[in-house]
Amino acid sequence: MAELTYRQAIAAALAQEMARDERVVLLGEDVASGGVFKTTTGLRERFGPDRVWNTPISEQAIAGAAMGAAMAGLRPVAEIMFSDFYATCWDQVANEIPKVRYMTGGQLSMPLVLRGANGSGGLGFGSQHGQSVENWAMCVPGIKIASPATPAEAFGLLAAAIRDNDPVIVFEHKALYSRKEQCPDDEHVIPLGRAAVVRPGRDCTLVALSITVGICLAAADELATHGIEAEVIDLRTLVPLDAAAVLASVARTSRLVVVEENPGQLGWGASIAAIAAQEAFYDLTAPVIRISGGNVPLPVAASLEAEVDVSVPRVVAGVRALLGQLRQSTG
Amino acid sequence: MTDGLHTPADLYRRMRLIRGFEELALRLVKSGEIVGGIHPYIGEEAVAVGVCAALADHDLITSTHRGHGHVLAKGSDPSRMLAELAGRETGLNRGRGGSMHAADVAVGILGANAIVGAAAPIAVGAAWAAQRSGSGKVVATFFGDGGLNQGVLLEALNLAALWQLPVLFVCENNGYATTMPTATGVAGNAVGRAEAFGIPAVTVDGMDVEVVRDAAVLAADRARRAEGPALIEAMTYRFGPHHTMEFRIRLSYRTQEEIDEWRRRDPLDIQGGRIAAGQRARLDAEIAEILAEAERFALASPRPDPAGALDYLYASGMVARGGVA
């Protein structure tokens, strides 16, 4: 076991996969110098410039070139530095990469990974460097989506994404990069589409992803002091979605709270809630609650950011209201 | 259809194939066998054939919304191409792609692309892979004068130049971005834009297939010698509409005199004049036979089974049903 930060785990997973398969190549802004979040440290030195391609600030060309390289037999990992920047290469992300395999009748696959820093987490990065945009990607059939909550997940999910023959967006969380954890030493791959019950509980199911996993675990600790045992599910991936894990948990707890960092407007929690409404209706004893980021651009002022970000107090209050302990809107 | 493009007759024959294919496709659009319409390539045949004559079988191309000519020039089977247009399971893309998305990896076609300019970085990425592997492959990426104004093309030119990648940028300047004359839509010109990135560029007569071929040979040879990308601007003209929808909505943006003037320089006649009349007639008859077979094949082919509407999305075989993937 080695103790790794989330950012070190990403670099380690990249190194593991590049050593394992010489078709794996990296490209992106500043990746040669280790990346602005230090998630590619040492890779240029170890694997050389023809496998670690430093690109200019050209997200369309980065995503498009990754796509062309994948068509020609490579397995590119492209860094999109801040996930807000997916908007600048949205044609490639929504219109090109996910459609190639289908449109060509299976002639071409897209074994590529787009990865980068997502989410708010109270860092004050503002509206164009701090959004949580998993919901953008979730609207596009053909993309797989992973979003790790811990260093071990960052390692294992990225390794799985690189080995996958479909395009995968890995939303790393910029507020988690310095989090440390013991990570397995051996080849560590977490299959896409398998959620984890990270805390068992009987009273309520909290469905979380990435940074909201830690938020829900902290909320569950606090809820326990009020006599509420919350079960926390770490989805790990949105596509494939482990709906079975959610439904099985709801069958045990009969209450569902979905906690997502992206804005609530068509956030991924809406899909979870809809699945529960359709498939777990008779297991539920209370309405499904969604706790999400605010439906506004992310403000910078700490007081405002805290208001729109998902937080432990908001989750605690939401669950307590759901269980009848509080009369309170969950927002 | 992997015949070479070596002799003057080969070049004529392939252009004749494209012309005839487009005439047939237009007929099938009118009869309703091809839905969604097409962007006919008639008039521009010399560009696709001239460029592909400079490419080896293993070289790669990307194409555009007006892509039938590129696909046929690179060597796709016209029967399977027509079946694709007609939405048949036997089509190049099993009927999932259609007119604007034909791909044929077996002959080096990475796909037509319906987003203007969007194929350019794809070609750059494929060229990066080619350069890394030392395969000696070059990648030709076609785009129109309209594509000159897409930022993505400039990003791709920059990357290709920085990395001296084996990319042949082919600008088919047919004078109009849909209805907007190039002169009113492009500040500067294609050559100037390439040269701004240090990419050698040339403007050629896009109605003469041998002129296009000669320019493409020079550019492809440079790329094979690892001397980097080049841009060719081929001045051409579409004799027909931007899209077959124009037959119904009657856009008016160019004069009959202008069309007639360009038709006097029909690329088939220019190249046809270089071969004997008897040979030309024989080639025309050969092509007519190939296209008759293509029509028979396409229309006799089955339509895709509706049960397969969600297939081919994921390589893992994952199928999204009931709203969940």
# chains A, B, ... in the order shown; residues from 1 in each chain; ligands from 1

$ interface_residues --of "chain B" --to "chain A" --cutoff "8 Å" --atoms "only C-alpha atoms" --output "JSON, numbers by chain"
{"B": [92, 93, 94, 95, 96, 97, 101, 102, 103, 104, 105, 110, 111, 118, 119, 120, 121, 122, 123, 124, 125, 126, 127, 128, 129, 130, 132, 152, 155, 156, 159, 311, 312, 313, 314, 315, 316, 324, 325]}

$ residues_around --residues "Ile275 of chain B" --least-positions-apart "4" --cutoff "8 Å" --atoms "only C-alpha atoms" --output "list in words"
Pro8, Ala9, Gln271, Gln279 and Arg280 of chain B

$ closest_residue --among "A:Glu181, A:Glu231, A:Glu134, A:Glu3" --to "Trp268 of chain A" --atoms "only C-alpha atoms"
A:Glu134

$ select_by_dssp --residues "segment 105-237 of chain A" --states "helix (DSSP H, G or I)" --output "PyMOL selection string"
chain A and resi 134-138+151-163+211-225

$ residues_around --residues "Gly198 of chain B" --least-positions-apart "4" --cutoff "10 Å" --atoms "only C-alpha atoms" --output "VMD selection string"
chain B and resid 157 to 158 161 to 162 192 to 194 228 to 230
